[in-house]
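Visitor: Got a file for you: coords_35.txt, compact mmCIF, C-alpha atoms and all ligand atoms.
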```txt
# COMPACT_ATOMS: atom_id res chain seq x y z
CA MET A 1 62.34 130.73 95.20
CA HIS A 2 63.74 129.71 98.59
CA GLN A 3 61.71 131.06 101.52
CA TYR A 4 63.90 132.28 104.37
CA GLU A 5 62.84 132.94 107.93
CA ILE A 6 64.77 135.89 109.31
CA SER A 7 65.33 134.17 112.67
CA ASP A 8 67.18 131.32 110.91
CA LEU A 9 69.59 133.79 109.29
CA ILE A 10 70.44 136.15 112.17
CA THR A 11 71.55 133.45 114.61
CA VAL A 12 74.05 130.90 113.41
CA VAL A 13 75.56 128.28 115.69
CA GLU A 14 77.96 125.37 115.30
CA PRO A 15 75.64 122.38 114.94
CA HIS A 16 77.34 120.26 117.60
CA SER A 17 78.63 122.62 120.27
CA GLY A 18 75.86 125.21 119.86
CA ARG A 19 78.65 127.86 119.88
CA ARG A 20 77.50 131.18 118.45
CA LEU A 21 79.10 132.28 115.17
CA PRO A 22 79.36 135.91 114.01
CA VAL A 23 76.81 136.98 111.38
CA ARG A 24 77.48 139.93 109.08
CA ARG A 25 74.35 142.00 108.57
CA ALA A 26 75.25 142.85 104.97
CA ASP A 27 75.47 139.13 104.08
CA VAL A 28 71.94 138.55 105.39
CA THR A 29 70.37 141.60 103.73
CA ARG A 30 72.07 140.72 100.40
CA LEU A 31 70.76 137.16 100.54
CA LEU A 32 67.24 138.36 101.30
CA ARG A 33 67.29 141.02 98.56
CA GLU A 34 68.67 138.57 95.99
CA ASN A 35 65.84 136.29 96.96
CA GLY A 36 63.28 139.01 96.28
CA ASP A 37 62.30 139.54 99.94
CA ARG A 38 62.91 143.30 100.31
CA ARG A 39 60.68 143.57 103.33
CA ALA A 40 62.76 141.03 105.27
CA ALA A 41 65.96 142.81 104.16
CA ARG A 42 64.59 146.09 105.57
CA ILE A 43 63.77 144.42 108.92
CA VAL A 44 67.33 143.06 109.21
CA ALA A 45 68.86 146.39 108.11
CA GLU A 46 67.39 147.96 111.29
CA LEU A 47 69.30 145.61 113.61
CA PRO A 48 72.39 147.02 115.38
CA VAL A 49 75.91 145.98 114.32
CA ASP A 50 79.46 146.50 115.62
CA ARG A 51 82.25 148.31 113.76
CA ASP A 52 82.84 145.29 111.53
CA GLY A 53 79.19 145.07 110.52
CA VAL A 54 78.57 141.98 112.68
CA LEU A 55 75.09 141.77 114.21
CA ASP A 56 75.04 142.57 117.92
CA PRO A 57 74.38 139.11 119.47
CA HIS A 58 72.77 140.57 122.61
CA ALA A 59 70.33 142.68 120.59
CA VAL A 60 69.49 139.63 118.45
CA ASP A 61 68.93 137.51 121.59
CA ARG A 62 66.64 140.13 123.14
CA LEU A 63 64.66 140.37 119.92
CA LEU A 64 64.26 136.61 119.54
CA ILE A 65 63.23 136.20 123.18
CA SER A 66 60.54 138.86 122.74
CA VAL A 67 59.29 137.30 119.46
CA HIS A 68 59.16 133.85 121.09
CA THR A 69 57.30 135.33 124.06
CA GLU A 70 54.66 136.57 121.62
CA LEU A 71 54.66 133.12 120.01
CA GLN A 72 54.02 131.62 123.43
CA ARG A 73 50.87 133.73 123.74
CA LEU A 74 49.77 132.33 120.39
CA SER A 75 50.38 128.79 121.69
CA GLU A 76 48.25 129.57 124.75
CA GLU A 77 45.46 130.93 122.58
CA LEU A 78 45.53 127.95 120.21
CA ARG A 79 45.57 125.61 123.24
CA ILE A 80 48.62 123.80 121.92
CA GLY A 81 49.19 122.07 125.28
CA GLU A 82 45.75 120.41 125.17
CA ARG A 83 46.25 119.38 121.54
CA LEU A 84 49.54 117.75 122.47
CA ILE A 85 48.34 115.72 125.42
CA HIS A 86 45.37 114.53 123.40
CA VAL A 87 47.97 112.46 121.49
CA LEU A 88 50.84 112.19 123.98
CA ARG A 89 48.79 110.74 126.83
CA PRO A 90 47.60 107.76 124.73
CA LEU A 91 51.14 107.38 123.39
CA PHE A 92 52.60 107.06 126.91
CA SER A 93 49.71 104.74 127.90
CA ALA A 94 50.64 102.54 124.92
CA ILE A 95 54.31 102.54 125.96
CA ARG A 96 53.44 101.68 129.58
CA SER A 97 51.11 98.86 128.53
CA THR A 98 53.57 97.19 126.18
CA ALA A 99 55.38 94.27 127.70
CA GLY A 100 58.49 94.72 125.55
CA ALA A 101 58.85 98.41 126.39
CA PRO A 102 61.39 99.53 128.97
CA SER A 103 59.89 100.11 132.40
CA GLY A 104 59.63 103.70 133.64
CA PRO A 105 60.76 106.30 134.40
CA TYR A 106 60.31 107.61 130.87
CA ARG A 107 61.83 110.70 129.31
CA LEU A 108 60.13 113.15 126.97
CA VAL A 109 62.57 115.36 125.06
CA ASP A 110 61.29 118.50 123.33
CA VAL A 111 63.57 119.11 120.32
CA GLY A 112 64.19 122.82 119.64
CA CYS A 113 62.17 123.79 122.71
CA GLY A 114 62.74 127.56 122.34
CA LEU A 115 61.32 129.18 125.50
CA GLY A 116 60.15 125.74 126.61
CA TYR A 117 56.44 126.55 126.69
CA LEU A 118 55.42 122.97 125.97
CA VAL A 119 57.71 121.41 128.61
CA ARG A 120 56.74 124.02 131.21
CA TRP A 121 53.05 123.51 130.44
CA LEU A 122 53.40 119.73 130.83
CA ALA A 123 55.31 120.23 134.10
CA ALA A 124 52.74 122.71 135.45
CA THR A 125 49.75 120.49 134.62
CA GLY A 126 51.38 117.12 135.45
CA ALA A 127 49.42 115.92 132.42
CA LEU A 128 51.67 112.99 131.53
CA GLY A 129 52.21 111.60 135.04
CA ALA A 130 55.07 111.65 137.54
CA ASP A 131 56.93 108.82 135.77
CA VAL A 132 57.71 111.04 132.73
CA GLU A 133 60.81 113.22 133.02
CA LEU A 134 60.46 116.44 131.00
CA VAL A 135 63.48 117.82 129.14
CA GLY A 136 63.75 120.68 126.65
CA VAL A 137 66.79 121.02 124.37
CA ASP A 138 67.76 123.86 122.07
CA LEU A 139 70.84 124.92 120.13
CA ASP A 140 70.04 128.54 120.95
CA ALA A 141 71.66 129.39 124.31
CA ALA A 142 69.61 132.55 124.90
CA LEU A 143 66.22 130.89 124.34
CA VAL A 144 67.00 127.80 126.38
CA GLY A 145 68.52 129.99 129.14
CA GLU A 146 65.27 131.95 129.31
CA ALA A 147 63.28 128.69 129.36
CA ASP A 148 65.33 127.58 132.36
CA ARG A 149 64.87 130.92 134.13
CA LEU A 150 61.08 130.78 133.65
CA ALA A 151 60.89 127.17 134.88
CA ARG A 152 62.83 128.08 138.05
CA ALA A 153 60.68 131.16 138.64
CA GLU A 154 57.61 128.95 138.36
CA GLY A 155 59.17 126.20 140.53
CA LEU A 156 58.58 123.57 137.86
CA ASP A 157 59.95 120.04 137.78
CA CYS A 158 61.59 120.01 134.33
CA ARG A 159 65.04 120.55 132.79
CA PHE A 160 66.49 122.58 129.93
CA VAL A 161 69.71 121.76 128.12
CA HIS A 162 71.72 123.84 125.66
CA GLY A 163 73.06 121.84 122.71
CA ASN A 164 72.24 119.52 119.87
CA VAL A 165 69.49 117.10 120.86
CA PHE A 166 71.25 114.23 119.11
CA ASP A 167 74.39 114.73 121.20
CA LEU A 168 72.56 114.34 124.52
CA PRO A 169 74.14 111.71 126.79
CA GLU A 170 70.70 110.43 127.90
CA ALA A 171 68.26 108.74 125.52
CA ALA A 172 64.69 109.93 125.07
CA THR A 173 61.71 107.59 125.36
CA VAL A 174 59.71 109.97 123.16
CA TYR A 175 60.94 112.91 121.08
CA VAL A 176 58.48 115.73 120.51
CA SER A 177 58.61 119.19 118.94
CA THR A 178 56.38 122.07 117.95
CA GLY A 179 56.97 124.29 114.93
CA VAL A 180 60.39 122.80 114.16
CA LEU A 181 59.91 120.39 111.21
CA HIS A 182 59.59 123.04 108.50
CA HIS A 183 63.08 124.32 109.41
CA PHE A 184 64.52 121.04 108.10
CA ARG A 185 64.52 120.83 104.30
CA GLY A 186 65.33 117.95 101.92
CA ALA A 187 67.89 115.47 103.25
CA ALA A 188 68.02 117.28 106.61
CA LEU A 189 64.39 116.27 107.24
CA THR A 190 65.12 112.60 106.50
CA ASP A 191 68.27 112.73 108.67
CA PHE A 192 66.23 114.23 111.51
CA PHE A 193 63.86 111.23 111.58
CA HIS A 194 66.59 108.66 110.95
CA ALA A 195 68.59 109.92 113.93
CA GLN A 196 65.58 109.28 116.18
CA ALA A 197 64.93 105.88 114.62
CA ALA A 198 68.56 104.91 115.31
CA SER A 199 68.24 105.91 118.98
CA PRO A 200 66.66 103.74 121.70
CA ALA A 201 63.52 105.97 121.60
CA GLN A 202 60.13 104.24 121.47
CA ALA A 203 58.39 106.96 119.49
CA PHE A 204 58.39 110.51 118.19
CA CYS A 205 55.57 112.99 117.83
CA HIS A 206 56.37 116.22 115.99
CA PHE A 207 53.76 118.94 115.61
CA ASP A 208 53.96 121.42 112.77
CA ILE A 209 51.67 123.59 110.69
CA ALA A 210 49.32 121.66 108.40
CA ALA A 211 50.13 122.58 104.78
CA THR A 212 46.66 123.65 103.72
CA ARG A 213 46.16 126.13 100.87
CA LEU A 214 44.81 128.67 103.34
CA ALA A 215 47.47 128.20 106.03
CA PRO A 216 49.56 131.24 104.91
CA ILE A 217 46.47 133.49 104.97
CA GLY A 218 45.44 132.16 108.38
CA ALA A 219 48.99 132.70 109.64
CA TRP A 220 48.99 136.25 108.27
CA VAL A 221 45.74 137.11 110.09
CA PHE A 222 46.86 135.51 113.34
CA HIS A 223 50.36 136.97 113.39
CA ARG A 224 49.10 140.39 112.32
CA ALA A 225 46.56 140.37 115.16
CA ARG A 226 48.79 138.93 117.85
CA MET A 227 52.42 139.83 117.11
CA ARG A 228 53.90 143.29 117.33
CA HIS A 229 57.39 142.88 115.90
CA PRO A 230 57.61 142.77 112.09
CA LEU A 231 60.11 139.89 112.35
CA GLY A 232 57.54 137.70 114.11
CA ARG A 233 54.86 138.62 111.56
CA HIS A 234 57.20 137.92 108.65
CA ASP A 235 58.48 134.57 109.95
CA GLY A 236 54.99 133.43 110.96
CA VAL A 237 53.73 133.69 107.39
CA VAL A 238 56.89 132.21 105.84
CA SER A 239 56.71 129.21 108.19
CA ALA A 240 53.15 128.49 107.01
CA ARG A 241 54.37 128.66 103.39
CA ARG A 242 57.24 126.31 104.20
CA ALA A 243 55.03 123.72 105.92
CA HIS A 244 55.72 120.23 104.59
CA SER A 245 52.98 118.31 102.81
CA ASP A 246 51.50 115.21 104.46
CA GLU A 247 53.21 113.03 101.83
CA THR A 248 56.65 114.57 102.47
CA LEU A 249 56.31 114.05 106.21
CA LEU A 250 55.15 110.44 105.96
CA ARG A 251 57.92 109.63 103.48
CA ALA A 252 60.64 111.25 105.59
CA ALA A 253 59.38 109.68 108.83
CA ALA A 254 59.48 106.17 107.35
CA ALA A 255 62.86 105.38 108.91
CA PRO A 256 64.06 101.82 109.65
CA GLY A 257 62.19 100.29 112.61
CA ILE A 258 59.56 103.05 112.62
CA ARG A 259 55.90 102.93 111.66
CA PRO A 260 55.07 106.45 110.38
CA LEU A 261 51.58 107.83 111.07
CA LEU A 262 49.93 111.18 110.53
CA TYR A 263 47.28 112.52 112.87
CA GLU A 264 44.58 114.66 111.26
CA PRO A 265 45.85 114.51 107.67
CA ARG A 266 45.01 117.38 105.33
CA GLY A 267 41.74 115.89 104.05
CA SER A 268 40.30 115.67 107.56
CA ALA A 269 41.35 119.11 108.84
CA ASN A 270 39.39 122.33 108.58
CA PRO A 271 41.21 124.26 105.80
CA PHE A 272 40.16 127.59 107.36
CA CYS A 273 42.18 126.94 110.51
CA THR A 274 45.92 127.25 110.68
CA THR A 275 46.56 124.30 112.88
CA LEU A 276 49.43 122.23 114.20
CA ARG A 277 49.12 118.49 113.81
CA PRO A 278 51.67 115.77 114.43
CA VAL A 279 53.56 113.27 112.38
CA ILE A 280 54.06 110.32 114.69
CA GLY A 281 56.57 107.49 114.48
CA VAL A 282 56.25 104.44 116.71
CA ARG A 283 58.08 101.17 117.03
CA PRO A 284 55.76 98.79 115.12
CA HIS A 285 54.58 96.87 118.24
CA LEU A 286 53.19 100.14 119.64
CA GLU A 287 50.75 100.90 116.83
CA ALA A 288 47.92 98.63 118.05
CA PRO A 289 48.11 99.77 121.72
CA LEU A 290 48.29 103.40 120.55
CA ARG A 291 45.12 102.98 118.47
CA LEU A 292 43.43 101.29 121.41
CA ALA A 293 44.44 104.09 123.80
CA LEU A 294 43.25 106.75 121.34
CA GLY A 295 39.78 105.17 121.18
CA ARG A 296 37.49 106.85 118.62
CA ALA A 297 40.21 109.39 117.81
CA ALA A 298 42.25 106.56 116.25
CA ARG A 299 40.16 107.15 113.09
CA ARG A 300 42.16 110.33 112.56
CA LEU A 301 45.43 108.41 112.36
CA VAL A 302 46.60 107.35 108.90
CA GLY A 303 49.66 105.60 107.56
CA PRO A 304 51.36 106.09 104.17
CA GLU A 305 49.20 103.38 102.56
CA GLN A 306 45.88 104.99 103.57
CA PRO A 307 44.29 107.88 101.70
CA ALA A 308 43.59 110.99 103.80
CA GLU A 309 39.84 110.48 103.19
CA ALA A 310 40.01 107.41 105.41
CA ALA A 311 40.35 109.72 108.39
CA ARG A 312 37.21 111.74 107.71
C1 LIG B 401 61.19 127.83 115.44
S1 LIG B 401 62.07 127.36 116.81
C2 LIG B 401 60.76 126.49 117.65
C3 LIG B 401 60.65 126.93 119.07
C4 LIG B 401 59.62 126.22 119.93
N1 LIG B 401 59.52 124.81 119.68
C5 LIG B 401 58.27 126.89 119.84
O1 LIG B 401 57.30 126.24 119.46
O2 LIG B 401 58.18 128.08 120.18
C6 LIG B 401 63.14 126.06 116.26
C7 LIG B 401 64.27 125.80 117.26
O3 LIG B 401 64.87 124.55 116.97
C8 LIG B 401 66.21 124.60 117.42
N2 LIG B 401 66.92 123.44 116.87
C9 LIG B 401 67.03 123.06 115.56
N3 LIG B 401 67.74 121.92 115.46
C10 LIG B 401 68.07 121.53 116.72
C11 LIG B 401 68.81 120.42 117.25
N4 LIG B 401 69.35 119.47 116.47
N5 LIG B 401 68.96 120.35 118.59
C12 LIG B 401 68.43 121.29 119.39
N6 LIG B 401 67.72 122.36 118.94
C13 LIG B 401 67.55 122.48 117.62
C14 LIG B 401 66.66 125.99 116.95
O4 LIG B 401 67.75 126.44 117.72
C15 LIG B 401 65.39 126.83 117.20
O5 LIG B 401 65.43 127.55 118.40
```
How does the structure come out when it is put into structure tokens?

Guide:
Amino acid sequence: MHQYEISDLITVVEPHSGRRLPVRRADVTRLLRENGDRRAARIVAELPVDRDGVLDPHAVDRLLISVHTELQRLSEELRIGERLIHVLRPLFSAIRSTAGAPSGPYRLVDVGCGLGYLVRWLAATGALGADVELVGVDLDAALVGEADRLARAEGLDCRFVHGNVFDLPEAATVYVSTGVLHHFRGAALTDFFHAQAASPAQAFCHFDIAATRLAPIGAWVFHRARMRHPLGRHDGVVSARRAHSDETLLRAAAAPGIRPLLYEPRGSANPFCTTLRPVIGVRPHLEAPLRLALGRAARRLVGPEQPAEAAR
């Protein structure tokens, strides 16, 4: 059975322009019911529509902004920012130290940034250094608009762009994301990594939920405790169920000119924690300097040829 997240169904945009397309509520509830997810169908049935049965885009935007605000609190609690710089700082050190790498300034692009928590956190802490420009990109105009508003209110030195990340005029040095990979299924996941490999980027580092057996239970407990809206609770659990396996991620990330690596593979992670961990892709010459910059933590980095146990 296909697992659908409600938020993926109630906002539909043109993949290149990011232009919003109308969504008929009855189409979404039918799809969810046919898929056996009556609870999700009931949540969608509560959303307001116009006379033609099309979901009210403003109501949907308000709902998604409030769900993502709750998600941001979860990111704060799970100290996602700290987890990210633990890997990103050594990655930028490796890029800086490599003779063949382009000289700064560098650009970090957060793919599918939502409310831009990660980019705003990096801007507020200055954790990556002044030579790293921070950019968040999202196809969802309402979320990225709110990210921009929050960054201005906080007086932060970062930018937010509405659109498809792969249509940006400026190249990224490093692509990052949080909680985005499981939205790409099958060939779309491979295409996602190949597009980055074909760009001038030096590396990517995408964090998503580790696919442990207990991840859906952990997600249920966490989202139940911390999220009020049933949509957020529903999608939180479904995203843990949809998490890609380590093998799938390493296979998809093995794009031409990229050395795929997984940080904290399943065997080394605590199965009782629902945790985000990254699949990393670097240009091959960056692997050795990255391991050096990571120090002892480099033990937790494995490639497709190494068993997960190697990282214990
Ligand atoms: C689940 S949200 C993740 C939000 C955010 N990263 C967080 O952790 O809260 C996934 C986002 O990815 C965006 N997205 C998917 N493909 C994209 C692309 N090619 N370019 C820009 N944004 C994209 C969607 O619009 C959606 O808002």

Visitor: List all protein, DNA and RNA residues that have any atom at most 7 Å from ligand LIG 401 (chain B), counting all atoms listed in the file, and write the list as a list in words.

Guide: His68, Leu71, Gln72, Val111, Gly112, Cys113, Gly114, Leu115, Gly116, Tyr117, Val137, Asp138, Leu139, Asp140, Leu143, Gly163, Asn164, Val165, Phe166, Ser177, Thr178, Gly179 and Val180 of chain A

Visitor: Point out the residue among A:Phe92, A:Tyr175, A:Phe184, A:Tyr106 with the least atom-to-atom distance to A:Ser239, counting all atoms listed in the file.

Guide: A:Phe184

Visitor: I need the residue nearest A:Leu150 from this list: A:Leu290, A:Ile65, A:Ala211, A:Ala198. Use only C-alpha atoms for the distance.

Guide: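 That would be A:Ile65, the residue with the smallest distance to A:Leu150.
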
Visitor: Could you work out how far atom CA of A:Val238 lies from atom CA of A:His183, giving the answer in Å with one decimal?

Guide: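 A separation of 10.6 Å between them.
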
Visitor: Need the shell around A:Arg149: protein/DNA/RNA residues with any atom at most 12 Å away, counting all atoms listed in the file. Skip same-chain ones fewer than 5 positions apart. Format as a list in words?

Guide: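 The contact residues come out as Leu115, Gly116, Arg120, Ala142, Leu143, Val144, Glu154, Gly155, Leu156, Cys158, Arg159, Phe160 and Val161 of chain A.
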
Visitor: Restricted to C-alpha atoms, what would the selected residues look like written as a compact mmCIF listing (two decimals), in the coordinates of the input?

Guide:
```
# COMPACT_ATOMS: atom_id res chain seq x y z
CA LEU A 115 61.32 129.18 125.50
CA GLY A 116 60.15 125.74 126.61
CA ARG A 120 56.74 124.02 131.21
CA ALA A 142 69.61 132.55 124.90
CA LEU A 143 66.22 130.89 124.34
CA VAL A 144 67.00 127.80 126.38
CA GLU A 154 57.61 128.95 138.36
CA GLY A 155 59.17 126.20 140.53
CA LEU A 156 58.58 123.57 137.86
CA CYS A 158 61.59 120.01 134.33
CA ARG A 159 65.04 120.55 132.79
CA PHE A 160 66.49 122.58 129.93
CA VAL A 161 69.71 121.76 128.12
```

Visitor: From the list A:His58, A:Arg42, A:Arg259, A:Arg241, which residue is nearest A:Pro22 when using all atoms listed in the file?

Guide: A:His58

Visitor: How many Å separate atom CA of A:Pro289 from atom CA of A:Arg83?

Guide: 19.7 Å

Visitor: As an exercise, work out the distance from atom CA of A:Ala288 to atom CA of A:Ile85 in Å and give it to one decimal place.

Guide: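 Between these atoms lies a distance of 18.6 Å.
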
Visitor: Taking into account all atoms listed in the file, which residue in the set A:Ala255, A:Ile6, A:Leu128, A:Leu78 is nearest to A:Leu32?

Guide: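 Among the listed residues, the smallest separation from A:Leu32 belongs to A:Ile6.
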
Visitor: Which neighbours of A:Ser7 fall inside 8 Å, counting only C-alpha atoms, when residues of the same chain fewer than 3 positions from it are skipped, and could you give them as number ranges by chain?

Guide: A: 10-11, 64, 231, 235

Visitor: Select, from A:Glu46, A:Glu247, A:Glu287, A:Asp167, the residue with the minimum atom-to-atom distance to A:Leu63, counting all atoms listed in the file.

Guide: A:Glu46

Visitor: Considering only C-alpha atoms, can you say which of A:Ala197, A:Leu276, A:Ala147, A:Leu9 comes closest to A:Ala254?

Guide: A:Ala197

Visitor: Set the distance at 12 Å and use all atoms listed in the file: which residues neighbour stretch 243-245 of chain A once local chain neighbours fewer than 2 positions away are removed? I'd like the list as a PyMOL selection string.

Guide: chain A and resi 3+179-186+189+207-216+219+236-241+247-253+262+265-267+274-279+308

Visitor: For a cutoff of 6 Å around the file-coordinate point (63.0, 101.3, 114.1), which residues qualify once you count all atoms listed in the file? I'd like the result as a PyMOL selection string.

Guide: chain A and resi 197+256-258+283
